[in-house]
file protein-v4.cif (mmCIF, C-alpha atoms)
data_target
loop_
_atom_site.label_atom_id
_atom_site.label_comp_id
_atom_site.auth_asym_id
_atom_site.auth_seq_id
_atom_site.Cartn_x
_atom_site.Cartn_y
_atom_site.Cartn_z
CA MET A 1 -22.25 29.28 13.21
CA SER A 2 -23.21 25.92 14.68
CA ASP A 3 -21.62 22.71 13.51
CA ASP A 4 -24.94 21.66 11.98
CA ASN A 5 -24.77 24.60 9.59
CA GLN A 6 -21.17 24.08 8.52
CA ALA A 7 -20.28 22.21 5.36
CA PRO A 8 -19.15 18.64 6.24
CA ARG A 9 -15.45 17.89 6.05
CA ALA A 10 -13.47 14.66 5.95
CA PRO A 11 -13.17 13.23 9.49
CA THR A 12 -10.03 13.95 11.49
CA GLY A 13 -7.24 11.62 10.46
CA THR A 14 -8.63 10.96 6.98
CA HIS A 15 -8.01 12.65 3.67
CA ASP A 16 -9.40 12.91 0.16
CA VAL A 17 -7.24 11.91 -2.80
CA LEU A 18 -8.08 13.87 -5.94
CA PRO A 19 -6.54 14.08 -9.43
CA PRO A 20 -3.72 14.46 -10.28
CA GLU A 21 -2.50 12.94 -6.97
CA SER A 22 -4.85 10.01 -7.46
CA TRP A 23 -2.92 9.16 -10.64
CA ARG A 24 0.14 8.43 -8.47
CA TRP A 25 -2.00 6.07 -6.38
CA GLN A 26 -3.30 4.35 -9.49
CA ARG A 27 0.20 3.81 -10.88
CA PHE A 28 1.44 2.68 -7.44
CA VAL A 29 -1.21 -0.04 -7.22
CA ASP A 30 -0.86 -1.01 -10.89
CA ASP A 31 2.91 -1.42 -10.53
CA PHE A 32 2.48 -3.50 -7.39
CA ALA A 33 -0.16 -5.69 -9.03
CA ARG A 34 2.11 -6.43 -11.98
CA ARG A 35 5.06 -7.30 -9.75
CA ALA A 36 2.93 -9.49 -7.48
CA ASP A 37 1.57 -11.30 -10.53
CA ARG A 38 5.12 -12.07 -11.71
CA PHE A 39 5.75 -13.70 -8.32
CA GLY A 40 2.64 -15.84 -8.61
CA PHE A 41 0.32 -13.91 -6.26
CA GLY A 42 -3.38 -13.50 -7.02
CA MET A 43 -5.57 -10.67 -5.78
CA VAL A 44 -7.80 -11.30 -2.74
CA HIS A 45 -10.42 -8.82 -1.58
CA THR A 46 -11.89 -9.12 1.92
CA PRO A 47 -14.44 -7.00 3.86
CA ILE A 48 -13.21 -3.85 5.61
CA PHE A 49 -14.93 -5.05 8.78
CA GLU A 50 -14.64 -8.44 10.42
CA ASP A 51 -15.75 -10.30 13.49
CA ALA A 52 -13.65 -8.56 16.16
CA ARG A 53 -12.30 -11.95 17.26
CA VAL A 54 -10.28 -12.14 14.04
CA PHE A 55 -8.05 -9.33 15.28
CA ARG A 56 -8.28 -10.10 18.99
CA ARG A 57 -7.00 -13.62 18.41
CA GLY A 58 -4.53 -12.77 15.67
CA ILE A 59 -3.02 -9.47 16.79
CA GLY A 60 -3.50 -10.06 20.50
CA ASP A 61 -5.88 -8.61 23.11
CA GLU A 62 -3.01 -6.95 24.94
CA SER A 63 -1.56 -5.27 21.88
CA GLU A 64 -1.72 -1.51 21.52
CA VAL A 65 -3.51 -1.88 18.20
CA VAL A 66 -6.41 -3.90 19.66
CA GLY A 67 -6.45 -2.24 23.06
CA LYS A 68 -6.21 1.41 22.02
CA GLU A 69 -6.48 1.86 18.27
CA MET A 70 -8.99 -0.59 16.80
CA TYR A 71 -12.39 0.73 15.73
CA GLU A 72 -14.75 -1.77 17.35
CA PHE A 73 -18.54 -1.62 17.40
CA GLU A 74 -21.71 -3.64 17.83
CA ASP A 75 -23.94 -3.81 14.77
CA ARG A 76 -27.73 -3.80 14.80
CA GLY A 77 -27.76 -7.57 15.05
CA GLY A 78 -25.70 -7.52 18.24
CA ARG A 79 -22.53 -8.79 16.54
CA GLN A 80 -19.19 -7.43 17.75
CA LEU A 81 -17.34 -6.18 14.68
CA ALA A 82 -14.17 -4.22 14.01
CA LEU A 83 -12.83 -2.17 11.12
CA ARG A 84 -9.71 -3.81 9.75
CA PRO A 85 -6.60 -2.35 11.48
CA GLU A 86 -4.17 -4.31 9.26
CA GLY A 87 -4.25 -6.65 6.29
CA THR A 88 -2.84 -10.03 7.32
CA ALA A 89 -5.46 -11.31 9.77
CA SER A 90 -8.30 -10.78 7.28
CA ILE A 91 -6.47 -12.67 4.53
CA VAL A 92 -5.73 -15.53 6.90
CA ARG A 93 -9.37 -15.60 8.01
CA ALA A 94 -10.35 -15.95 4.34
CA PHE A 95 -7.85 -18.79 3.99
CA VAL A 96 -9.29 -20.60 7.01
CA GLN A 97 -12.85 -20.14 5.75
CA HIS A 98 -12.34 -21.18 2.12
CA ARG A 99 -9.42 -23.63 2.49
CA PRO A 100 -7.73 -23.05 -0.90
CA ALA A 101 -4.99 -25.47 -1.91
CA THR A 102 -1.52 -24.64 -0.65
CA PRO A 103 0.86 -23.08 -1.36
CA TRP A 104 -1.51 -20.10 -1.53
CA ARG A 105 -0.26 -16.69 -2.57
CA ALA A 106 -2.47 -13.64 -2.17
CA TRP A 107 -1.93 -9.94 -2.74
CA TYR A 108 -4.23 -7.14 -1.63
CA VAL A 109 -4.81 -3.40 -1.62
CA THR A 110 -6.92 -2.14 1.24
CA PRO A 111 -7.79 0.69 3.59
CA SER A 112 -6.97 0.04 7.24
CA PHE A 113 -8.25 1.88 10.29
CA ARG A 114 -6.53 2.82 13.53
CA TYR A 115 -7.49 5.46 16.05
CA GLU A 116 -4.13 7.10 16.58
CA ARG A 117 -2.67 10.60 16.53
CA PRO A 118 -2.61 11.78 12.91
CA GLN A 119 0.78 12.84 11.58
CA ALA A 120 2.61 13.09 8.28
CA GLY A 121 1.95 9.95 6.28
CA ARG A 122 -0.02 8.31 9.11
CA TYR A 123 -3.79 8.56 9.08
CA ARG A 124 -6.68 6.99 10.95
CA GLN A 125 -7.74 5.61 7.61
CA HIS A 126 -4.58 4.65 5.78
CA HIS A 127 -4.03 2.43 2.77
CA GLN A 128 -1.62 -0.34 2.01
CA VAL A 129 -0.67 -3.00 -0.46
CA GLY A 130 0.67 -6.34 0.67
CA VAL A 131 1.13 -10.04 0.06
CA GLU A 132 0.63 -13.20 2.09
CA ALA A 133 2.21 -16.57 1.23
CA LEU A 134 0.67 -19.53 3.07
CA GLY A 135 1.63 -23.20 3.12
CA SER A 136 5.43 -23.29 3.16
CA GLU A 137 8.05 -22.82 5.87
CA ASP A 138 10.92 -22.83 3.35
CA PRO A 139 13.24 -19.86 4.04
CA ASP A 140 13.45 -19.30 0.29
CA VAL A 141 9.82 -18.14 0.50
CA ASP A 142 10.94 -15.52 3.03
CA VAL A 143 13.62 -14.40 0.60
CA GLU A 144 11.13 -14.20 -2.28
CA VAL A 145 8.62 -12.19 -0.27
CA ILE A 146 11.29 -9.75 0.92
CA SER A 147 12.73 -9.43 -2.59
CA LEU A 148 9.28 -8.66 -4.00
CA ALA A 149 8.89 -5.76 -1.55
CA TRP A 150 12.48 -4.59 -2.04
CA GLY A 151 12.22 -4.63 -5.83
CA PHE A 152 8.92 -2.77 -5.72
CA LEU A 153 10.18 0.00 -3.42
CA THR A 154 13.45 0.51 -5.26
CA GLY A 155 11.60 0.30 -8.56
CA LEU A 156 9.52 3.29 -7.48
CA GLY A 157 12.73 5.29 -7.32
CA LEU A 158 13.44 5.09 -3.57
CA ASP A 159 17.22 5.12 -3.02
CA GLN A 160 17.31 5.80 0.73
CA VAL A 161 15.52 2.66 1.89
CA THR A 162 17.15 0.30 4.40
CA LEU A 163 16.02 -3.27 4.97
CA GLN A 164 16.16 -4.24 8.66
CA LEU A 165 16.08 -7.93 9.49
CA ASN A 166 15.62 -10.04 12.62
CA SER A 167 14.37 -13.42 13.81
CA MET A 168 11.85 -13.70 16.65
CA GLY A 169 12.42 -17.41 17.14
CA CYS A 170 9.61 -19.91 17.61
CA ALA A 171 7.53 -21.56 20.32
CA THR A 172 10.51 -23.76 21.18
CA CYS A 173 13.14 -21.12 21.84
CA ARG A 174 11.33 -17.84 22.39
CA PRO A 175 9.67 -18.53 25.79
CA ALA A 176 13.00 -18.89 27.60
CA TYR A 177 14.26 -15.67 26.03
CA VAL A 178 11.06 -13.84 26.96
CA ASP A 179 11.40 -14.99 30.57
CA GLU A 180 14.99 -13.77 30.69
CA LEU A 181 13.97 -10.40 29.23
CA ARG A 182 11.03 -10.11 31.64
CA ASN A 183 13.33 -10.70 34.60
CA LEU A 184 15.69 -7.98 33.40
CA LEU A 185 12.85 -5.51 32.97
CA ALA A 186 11.43 -6.38 36.39
CA SER A 187 14.77 -5.55 38.00
CA ARG A 188 14.76 -2.10 36.35
CA VAL A 189 11.03 -1.40 36.17
CA ASP A 190 11.45 2.05 37.77
CA GLU A 191 13.53 3.12 34.76
CA LEU A 192 10.99 2.17 32.06
CA CYS A 193 8.63 4.63 30.40
CA ASP A 194 5.24 4.98 32.10
CA GLU A 195 3.42 2.73 29.63
CA HIS A 196 5.84 -0.18 29.82
CA ALA A 197 6.40 0.15 33.55
CA GLU A 198 2.78 -0.98 33.85
CA ARG A 199 2.60 -3.43 30.96
CA TYR A 200 6.09 -4.90 30.43
CA ALA A 201 5.22 -8.24 32.05
CA ILE A 202 2.39 -8.94 29.56
CA ASN A 203 4.67 -8.87 26.54
CA PRO A 204 8.30 -7.96 27.31
CA LEU A 205 9.22 -8.06 23.61
CA ARG A 206 7.28 -4.86 22.98
CA VAL A 207 9.68 -2.96 25.21
CA LEU A 208 12.41 -3.68 22.65
CA ASP A 209 10.32 -1.83 20.07
CA CYS A 210 9.69 1.20 22.29
CA LYS A 211 11.14 4.39 20.82
CA LYS A 212 11.28 6.26 24.15
CA ALA A 213 14.69 6.98 25.66
CA PRO A 214 14.12 5.27 29.06
CA CYS A 215 13.19 1.92 27.49
CA ILE A 216 15.99 2.15 24.95
CA ALA A 217 18.47 2.71 27.77
CA VAL A 218 17.17 -0.19 29.87
CA THR A 219 17.28 -2.64 26.97
CA GLU A 220 20.58 -1.47 25.54
CA ASP A 221 22.47 -4.30 27.25
CA ALA A 222 19.58 -6.78 27.21
CA PRO A 223 20.28 -10.25 25.83
CA LYS A 224 19.74 -10.52 22.08
CA ILE A 225 17.12 -12.91 20.79
CA ALA A 226 19.56 -14.08 18.10
CA GLU A 227 21.68 -15.57 20.87
CA ALA A 228 18.71 -17.62 22.13
CA LEU A 229 17.54 -19.13 18.84
CA CYS A 230 17.17 -22.88 18.65
CA GLU A 231 19.11 -24.76 16.00
CA SER A 232 16.14 -24.87 13.63
CA CYS A 233 15.45 -21.12 13.87
CA ARG A 234 19.14 -20.29 13.56
CA GLY A 235 19.39 -22.40 10.42
CA HIS A 236 16.27 -20.75 8.98
CA HIS A 237 17.62 -17.27 9.65
CA ASP A 238 21.00 -18.13 8.15
CA ARG A 239 19.29 -19.35 4.97
CA VAL A 240 17.32 -16.13 4.71
CA ARG A 241 20.45 -14.03 5.08
CA VAL A 242 22.36 -16.07 2.51
CA GLY A 243 19.45 -15.81 0.07
CA LEU A 244 19.29 -12.03 0.38
CA VAL A 245 23.04 -11.75 -0.14
CA ASP A 246 22.83 -13.95 -3.23
CA LEU A 247 20.15 -11.65 -4.67
CA GLY A 248 22.24 -8.55 -3.95
CA ILE A 249 19.80 -7.19 -1.35
CA ASP A 250 21.58 -5.32 1.43
CA PHE A 251 20.20 -5.57 4.95
CA VAL A 252 20.98 -4.54 8.50
CA GLU A 253 20.50 -6.91 11.45
CA ASN A 254 18.28 -5.23 14.04
CA PRO A 255 17.80 -7.25 17.25
CA ARG A 256 15.14 -4.76 18.41
CA LEU A 257 12.89 -5.43 15.43
CA VAL A 258 9.96 -7.35 16.91
CA ARG A 259 7.11 -5.62 15.03
CA GLY A 260 3.83 -4.89 16.81
CA PHE A 261 1.73 -8.03 16.53
CA ASP A 262 1.68 -11.23 18.56
CA TYR A 263 1.48 -13.50 15.55
CA TYR A 264 5.05 -13.01 14.28
CA THR A 265 7.55 -15.89 14.43
CA ARG A 266 11.04 -16.28 13.04
CA THR A 267 11.71 -13.81 10.21
CA THR A 268 10.70 -10.19 10.78
CA PHE A 269 11.69 -7.34 8.49
CA GLU A 270 11.04 -3.66 7.98
CA PHE A 271 11.84 -1.09 5.29
CA SER A 272 12.80 2.31 6.69
CA SER A 273 13.37 5.50 4.72
CA GLY A 274 16.38 7.66 5.45
CA ALA A 275 14.52 10.56 3.85
CA LEU A 276 11.82 10.56 6.55
CA GLU A 277 12.62 12.06 9.92
CA GLY A 278 12.03 10.65 13.36
CA ALA A 279 11.02 7.25 14.62
CA GLN A 280 8.07 6.95 12.23
CA ASN A 281 10.20 6.34 9.15
CA ALA A 282 8.98 2.87 8.22
CA VAL A 283 7.37 2.55 4.78
CA GLY A 284 6.52 -1.13 5.13
CA GLY A 285 7.39 -4.40 6.78
CA GLY A 286 6.24 -7.84 7.72
CA GLY A 287 7.34 -11.25 8.79
CA ARG A 288 6.57 -14.91 9.27
CA TYR A 289 3.49 -16.01 11.24
CA ASP A 290 3.57 -19.78 11.39
CA GLY A 291 0.90 -20.07 14.09
CA LEU A 292 -1.68 -17.52 12.94
CA VAL A 293 -3.82 -19.92 10.89
CA GLU A 294 -4.22 -22.13 13.96
CA MET A 295 -5.11 -19.09 16.11
CA LEU A 296 -8.01 -18.43 13.74
CA GLY A 297 -9.26 -22.01 13.75
CA GLY A 298 -7.42 -23.52 10.79
CA PRO A 299 -4.95 -26.39 10.45
CA PRO A 300 -1.25 -25.86 11.16
CA THR A 301 -0.13 -23.76 8.17
CA PRO A 302 3.03 -21.63 7.98
CA GLY A 303 2.84 -18.20 6.42
CA ILE A 304 4.72 -14.99 5.72
CA GLY A 305 3.76 -11.61 4.32
CA PHE A 306 4.25 -7.85 4.36
CA GLY A 307 2.37 -4.59 4.03
CA ILE A 308 3.53 -1.32 2.45
CA GLY A 309 1.80 1.94 3.32
CA ILE A 310 0.78 3.87 0.24
CA GLU A 311 0.74 7.27 1.95
CA ARG A 312 4.06 6.64 3.67
CA ALA A 313 5.79 5.39 0.50
CA LEU A 314 4.58 8.40 -1.50
CA LEU A 315 5.78 10.68 1.30
CA ALA A 316 9.21 9.04 1.09
CA LEU A 317 9.26 9.57 -2.68
CA ASP A 318 8.52 13.26 -2.16
CA ALA A 319 11.19 13.50 0.55
CA GLU A 320 13.76 12.03 -1.84
CA GLY A 321 12.71 14.47 -4.54
CA VAL A 322 11.50 11.78 -6.95
CA PRO A 323 9.31 13.70 -9.44
CA PRO A 324 5.79 12.33 -9.64
CA GLU A 325 4.80 10.86 -12.98
CA LEU A 326 2.13 13.05 -14.54
CA PRO A 327 -1.08 11.52 -15.83
CA PRO A 328 -1.20 11.05 -19.60
CA VAL A 329 -2.68 13.91 -21.60
CA PRO A 330 -5.59 13.32 -23.98
CA SER A 331 -4.74 12.23 -27.52
CA ALA A 332 -7.18 14.84 -28.81
CA PHE A 333 -9.73 17.44 -27.76
CA VAL A 334 -12.91 17.73 -29.81
CA VAL A 335 -14.27 21.25 -30.41
CA ASP A 336 -17.88 21.19 -31.63
CA LEU A 337 -19.70 24.37 -32.71
CA THR A 338 -22.79 22.60 -34.06
CA GLY A 339 -24.65 21.58 -30.94
CA GLY A 340 -22.65 18.62 -29.61
CA GLU A 341 -24.07 15.67 -31.55
CA ALA A 342 -21.05 15.47 -33.86
CA ALA A 343 -18.65 15.63 -30.90
CA ARG A 344 -20.55 12.88 -29.13
CA ALA A 345 -20.21 10.57 -32.13
CA ILE A 346 -16.52 11.13 -32.92
CA VAL A 347 -15.47 11.05 -29.26
CA ALA A 348 -17.19 7.68 -28.81
CA ARG A 349 -15.49 6.28 -31.92
CA LEU A 350 -12.03 7.45 -30.90
CA ARG A 351 -12.43 6.20 -27.33
CA GLY A 352 -13.55 2.88 -28.77
CA LEU A 353 -10.22 2.75 -30.60
CA GLY A 354 -8.42 3.07 -27.26
CA HIS A 355 -7.68 6.79 -27.12
CA LYS A 356 -8.15 9.23 -24.28
CA VAL A 357 -10.29 11.99 -25.78
CA GLU A 358 -11.93 15.00 -24.15
CA ARG A 359 -14.48 17.58 -25.30
CA ALA A 360 -16.36 20.64 -24.05
CA TYR A 361 -20.03 20.77 -23.10
CA ASP A 362 -22.82 23.34 -22.64
CA GLY A 363 -22.50 24.91 -26.12
CA ARG A 364 -19.47 27.01 -25.25
CA SER A 365 -17.92 29.47 -27.68
CA MET A 366 -15.03 28.63 -30.01
CA LYS A 367 -12.69 30.74 -27.88
CA SER A 368 -13.74 28.99 -24.66
CA GLN A 369 -13.43 25.52 -26.17
CA MET A 370 -9.98 26.25 -27.62
CA LYS A 371 -8.81 27.47 -24.20
CA ALA A 372 -10.08 24.21 -22.70
CA ALA A 373 -8.30 22.25 -25.43
CA ASP A 374 -5.04 24.03 -24.66
CA ARG A 375 -5.41 23.43 -20.89
CA SER A 376 -6.04 19.73 -21.46
CA GLY A 377 -2.53 19.26 -22.84
CA ALA A 378 -3.84 17.47 -25.93
CA PRO A 379 -1.55 17.81 -28.95
CA VAL A 380 -4.50 17.95 -31.38
CA ALA A 381 -7.84 19.74 -31.57
CA LEU A 382 -10.50 18.22 -33.80
CA ILE A 383 -12.78 21.09 -34.83
CA ILE A 384 -16.31 20.57 -36.14
CA GLY A 385 -18.07 23.68 -37.38
CA ALA A 386 -21.06 24.13 -39.66
CA GLU A 387 -19.05 23.50 -42.82
CA GLU A 388 -17.40 20.36 -41.43
CA ALA A 389 -20.74 19.03 -40.22
CA ALA A 390 -22.29 19.59 -43.64
CA THR A 391 -19.48 17.75 -45.46
CA GLY A 392 -18.83 14.95 -42.93
CA SER A 393 -15.35 16.25 -42.24
CA VAL A 394 -13.25 17.51 -39.35
CA THR A 395 -10.49 20.11 -39.12
CA ILE A 396 -7.33 18.86 -37.44
CA ARG A 397 -5.43 21.66 -35.70
CA MET A 398 -2.06 20.88 -34.13
CA LEU A 399 -1.90 22.66 -30.77
CA ARG A 400 1.78 22.19 -29.99
CA GLN A 401 3.09 23.08 -33.45
CA GLU A 402 3.03 26.37 -35.29
CA ALA A 403 -0.31 27.10 -37.05
CA GLU A 404 -0.66 23.73 -38.74
CA GLN A 405 -4.13 22.48 -39.62
CA ARG A 406 -5.96 20.55 -42.33
CA THR A 407 -9.46 19.27 -43.03
CA VAL A 408 -10.16 15.59 -43.71
CA ALA A 409 -13.21 13.35 -43.95
CA VAL A 410 -14.26 11.88 -40.59
CA ASP A 411 -14.25 8.36 -42.03
CA ALA A 412 -10.73 8.87 -43.39
CA LEU A 413 -9.55 10.15 -40.02
CA LEU A 414 -11.00 7.17 -38.19
CA ALA A 415 -9.57 4.70 -40.69
CA ASP A 416 -6.13 6.29 -40.35
CA VAL A 417 -6.33 6.20 -36.52
CA GLU A 418 -7.34 2.54 -36.60
CA THR A 419 -4.38 1.74 -38.85
CA THR A 420 -1.65 3.93 -37.29
CA GLY A 421 -2.92 4.35 -33.74
CA VAL A 422 -2.19 8.09 -34.01
CA ILE A 423 -4.63 11.00 -34.14
CA GLY A 424 -3.46 13.78 -36.43
#
call {"tool": "encode", "arguments": {"input": "protein-v4.cif", "output": "structure tokens"}}
result
Amino acid sequence: MSDDNQAPRAPTGTHDVLPPESWRWQRFVDDFARRADRFGFGMVHTPIFEDARVFRRGIGDESEVVGKEMYEFEDRGGRQLALRPEGTASIVRAFVQHRPATPWRAWYVTPSFRYERPQAGRYRQHHQVGVEALGSEDPDVDVEVISLAWGFLTGLGLDQVTLQLNSMGCATCRPAYVDELRNLLASRVDELCDEHAERYAINPLRVLDCKKAPCIAVTEDAPKIAEALCESCRGHHDRVRVGLVDLGIDFVENPRLVRGFDYYTRTTFEFSSGALEGAQNAVGGGGRYDGLVEMLGGPPTPGIGFGIGIERALLALDAEGVPPELPPVPSAFVVDLTGGEAARAIVARLRGLGHKVERAYDGRSMKSQMKAADRSGAPVALIIGAEEAATGSVTIRMLRQEAEQRTVAVDALLADVETTGVIG
């Protein structure tokens, strides 16, 4: 059979999310939104595609994300566009365009797109939640942003999450460190992995993040960036560490943590799951990007943020054996043997009172409708037969209790539900 005759499937590296799994996603986003609101962040929604320069300038032309993974295309108007590979650059572009008053705190939920090898919890279209705080270089903002992410992840039930912390310095102190690291790598270039043997000179810091054994061995005795920090960056990092300790948030210093984007400065952090195997065990991370607004044409504006992968976090929850919360069952299931009009009316009234109510369709038999009522998980069936329809009543049958039922007037039932909030 030719491909043209086969039923279409989701593209490689993407996946469909259906109930009841989608309920976990809904709760995940709802919980994050509530926590972000408590921290003073407001939701921002940006397009899934941008002028490609947003990511080329922000992430860096020489980065792996832009060079190998970004979905870039020319539209019918000849504009060079790209699907969003991460969340921060788009939010900062919106800040530069609209110039809201600072401090500006934004949270988002978004799909992101990267052409990479699909694997567990990592897709070509993946989804993440995140925050961005723009307008303050105070290290207490770093602490707040990290604590928001930490509280959210642990609040989900993740016990095996480790916070890794580092400082990447600033434009004052980092260049000298980068030169020193580049010289070291040049002296041992034959020992690097194939990719970094060719590209190490462009951005030596990325070699520190390489998970391949040759690069790890070469950089094992490399100078640590913490030793090269200027006084200002060292003081900033110390304040962040003290703040995390004061809030009871454990962390591990990781001098290799440089993240993957050019825009990071000073504080970088990552949350890794001990329940996930291999090098791809990060569930989220972020850092400070005090020069990104300027890169995208705005005024000097410090910023910090993070992103948390929804798929990866849910995978970590499964790996830790955290039972998924099941979606709520209906408050009632309406069984109508009179043609459906009565069911339509009472279902609308009960839903208007805030209840989740289901019913059957297509004039099914009593037996079929009662089976559907039982499968729904509803504790109550509201049965409308010919006699009930004639008298304006409904029979209430308890489905999770032994053979208990009674018949009441529909108006009385609705009045009672409005008063007590309970059906049955």
call {"tool": "atom_distance", "arguments": {"input": "protein-v4.cif", "atom1": "CA of Glu116 (chain A)", "atom2": "CA of His15 (chain A)"}}
result
14.6 Å
call {"tool": "residues_around", "arguments": {"input": "protein-v4.cif", "residues": "region 365-373 of chain A", "least_positions_apart": "6", "cutoff": "8 Å", "atoms": "only C-alpha atoms", "output": "ChimeraX atom specification"}}
result
/A:333-335,337,359,381
call {"tool": "residues_near_point", "arguments": {"input": "protein-v4.cif", "point": "(1.7, -28.4, 7.9)", "cutoff": "8 Å", "atoms": "all atoms listed in the file", "output": "ChimeraX atom specification"}}
result
/A:135-136,299-302
call {"tool": "resolve_selection", "arguments": {"input": "protein-v4.cif", "expression": "the PyMOL selection byres ((chain A and resi 142-147) around 7)", "output": "PDB file with C-alpha atoms, keeping the file's coordinate frame"}}
result
ATOM      1  CA  PRO A 139      13.240 -19.860   4.040  1.00  0.00           C
ATOM      2  CA  ASP A 140      13.450 -19.300   0.290  1.00  0.00           C
ATOM      3  CA  VAL A 141       9.820 -18.140   0.500  1.00  0.00           C
ATOM      4  CA  LEU A 148       9.280  -8.660  -4.000  1.00  0.00           C
ATOM      5  CA  ALA A 149       8.890  -5.760  -1.550  1.00  0.00           C
ATOM      6  CA  TRP A 150      12.480  -4.590  -2.040  1.00  0.00           C
ATOM      7  CA  GLY A 151      12.220  -4.630  -5.830  1.00  0.00           C
ATOM      8  CA  VAL A 240      17.320 -16.130   4.710  1.00  0.00           C
ATOM      9  CA  GLY A 243      19.450 -15.810   0.070  1.00  0.00           C
ATOM     10  CA  LEU A 244      19.290 -12.030   0.380  1.00  0.00           C
ATOM     11  CA  ILE A 304       4.720 -14.990   5.720  1.00  0.00           C
ATOM     12  CA  GLY A 305       3.760 -11.610   4.320  1.00  0.00           C
TER      13      GLY A 305
END
call {"tool": "atom_distance", "arguments": {"input": "protein-v4.cif", "atom1": "CA of Gly248 (chain A)", "atom2": "CA of Val161 (chain A)"}}
result
14.3 Å
call {"tool": "atom_distance", "arguments": {"input": "protein-v4.cif", "atom1": "CA of Asp246 (chain A)", "atom2": "CA of Asn281 (chain A)"}}
result
26.9 Å
call {"tool": "closest_residue", "arguments": {"input": "protein-v4.cif", "among": "A:Cys193, A:Leu414, A:Cys170, A:Leu247", "to": "Asp290 (chain A)", "atoms": "all atoms listed in the file"}}
result
A:Cys170
call {"tool": "residues_near_point", "arguments": {"input": "protein-v4.cif", "point": "(10.5, 11.6, 11.6)", "cutoff": "12 Å", "atoms": "only C-alpha atoms", "output": "PyMOL selection string"}}
result
chain A and resi 119-122+211+272-283+312+315-316+319
call {"tool": "closest_residue", "arguments": {"input": "protein-v4.cif", "among": "A:Arg256, A:Thr110, A:Glu86, A:His126", "to": "Asp16 (chain A)", "atoms": "only C-alpha atoms"}}
result
A:His126
call {"tool": "residues_around", "arguments": {"input": "protein-v4.cif", "residues": "Ala171 (chain A)", "least_positions_apart": "3", "cutoff": "10 Å", "atoms": "all atoms listed in the file", "output": "PyMOL selection string"}}
result
chain A and resi 168+174-176+230+265-266+290-291
call {"tool": "residues_around", "arguments": {"input": "protein-v4.cif", "residues": "Val189 (chain A)", "least_positions_apart": "6", "cutoff": "12 Å", "atoms": "all atoms listed in the file", "output": "JSON, numbers by chain"}}
result
{"A": [181, 182, 183, 195, 196, 197, 198, 199, 200, 201, 204, 207, 214, 215, 217, 218, 219]}
call {"tool": "closest_atom_pairs", "arguments": {"input": "protein-v4.cif", "of": "region 79-135 of chain A", "to": "region 27-40 of chain A", "cutoff": "12 Å", "atoms": "all atoms listed in the file", "output": "tab-separated table"}}
result
residue	atom	partner	partner_atom	distance
A:Pro103	CA	A:Gly40	CA	10.4
A:Trp104	CA	A:Gly40	CA	9.2
A:Arg105	CA	A:Gly40	CA	6.8
A:Ala106	CA	A:Gly40	CA	8.5
A:Trp107	CA	A:Ala36	CA	6.8
A:Tyr108	CA	A:Ala33	CA	8.6
A:Val109	CA	A:Val29	CA	7.5
A:Thr110	CA	A:Val29	CA	10.4
A:His127	CA	A:Val29	CA	10.7
A:Gln128	CA	A:Val29	CA	9.2
A:Val129	CA	A:Val29	CA	7.4
A:Gly130	CA	A:Phe32	CA	8.7
A:Val131	CA	A:Ala36	CA	7.8
A:Glu132	CA	A:Ala36	CA	10.5
A:Ala133	CA	A:Gly40	CA	9.9
call {"tool": "closest_residue", "arguments": {"input": "protein-v4.cif", "among": "A:Gly303, A:Gly155, A:Gly235, A:Pro100", "to": "Ser167 (chain A)", "atoms": "all atoms listed in the file"}}
result
A:Gly235
call {"tool": "axis_aligned_box", "arguments": {"input": "protein-v4.cif", "around": "region 405-416 of chain A", "padding_each_side": "6 Å", "output": "AutoDock Vina command-line options"}}
result
--center_x -9.2 --center_y 13.6 --center_z -41.1 --size_x 22.1 --size_y 29.8 --size_z 17.8
call {"tool": "residues_around", "arguments": {"input": "protein-v4.cif", "residues": "region 320-329 of chain A", "least_positions_apart": "3", "cutoff": "9 Å", "atoms": "all atoms listed in the file", "output": "list in words"}}
result
Pro19, Pro20, Glu21, Trp23, Arg24, Arg27, Leu156, Gly157, Leu158, Asp159, Gln160, Gly274, Ala275, Leu276, Leu315, Ala316, Leu317, Ala332, Lys356, Val357, Ser376, Gly377, Ala378 and Pro379 of chain A
call {"tool": "write_last_selection", "arguments": {"input": "protein-v4.cif", "atoms": "C-alpha atoms", "output": "tab-separated table (two decimals), keeping the file's coordinate frame"}}
result
chain	number	residue	atom	x	y	z
A	19	PRO	CA	-6.54	14.08	-9.43
A	20	PRO	CA	-3.72	14.46	-10.28
A	21	GLU	CA	-2.50	12.94	-6.97
A	23	TRP	CA	-2.92	9.16	-10.64
A	24	ARG	CA	0.14	8.43	-8.47
A	27	ARG	CA	0.20	3.81	-10.88
A	156	LEU	CA	9.52	3.29	-7.48
A	157	GLY	CA	12.73	5.29	-7.32
A	158	LEU	CA	13.44	5.09	-3.57
A	159	ASP	CA	17.22	5.12	-3.02
A	160	GLN	CA	17.31	5.80	0.73
A	274	GLY	CA	16.38	7.66	5.45
A	275	ALA	CA	14.52	10.56	3.85
A	276	LEU	CA	11.82	10.56	6.55
A	315	LEU	CA	5.78	10.68	1.30
A	316	ALA	CA	9.21	9.04	1.09
A	317	LEU	CA	9.26	9.57	-2.68
A	332	ALA	CA	-7.18	14.84	-28.81
A	356	LYS	CA	-8.15	9.23	-24.28
A	357	VAL	CA	-10.29	11.99	-25.78
A	376	SER	CA	-6.04	19.73	-21.46
A	377	GLY	CA	-2.53	19.26	-22.84
A	378	ALA	CA	-3.84	17.47	-25.93
A	379	PRO	CA	-1.55	17.81	-28.95
call {"tool": "closest_residue", "arguments": {"input": "protein-v4.cif", "among": "A:Val417, A:Leu134, A:Ile48, A:Met70", "to": "Tyr115 (chain A)", "atoms": "only C-alpha atoms"}}
result
A:Met70
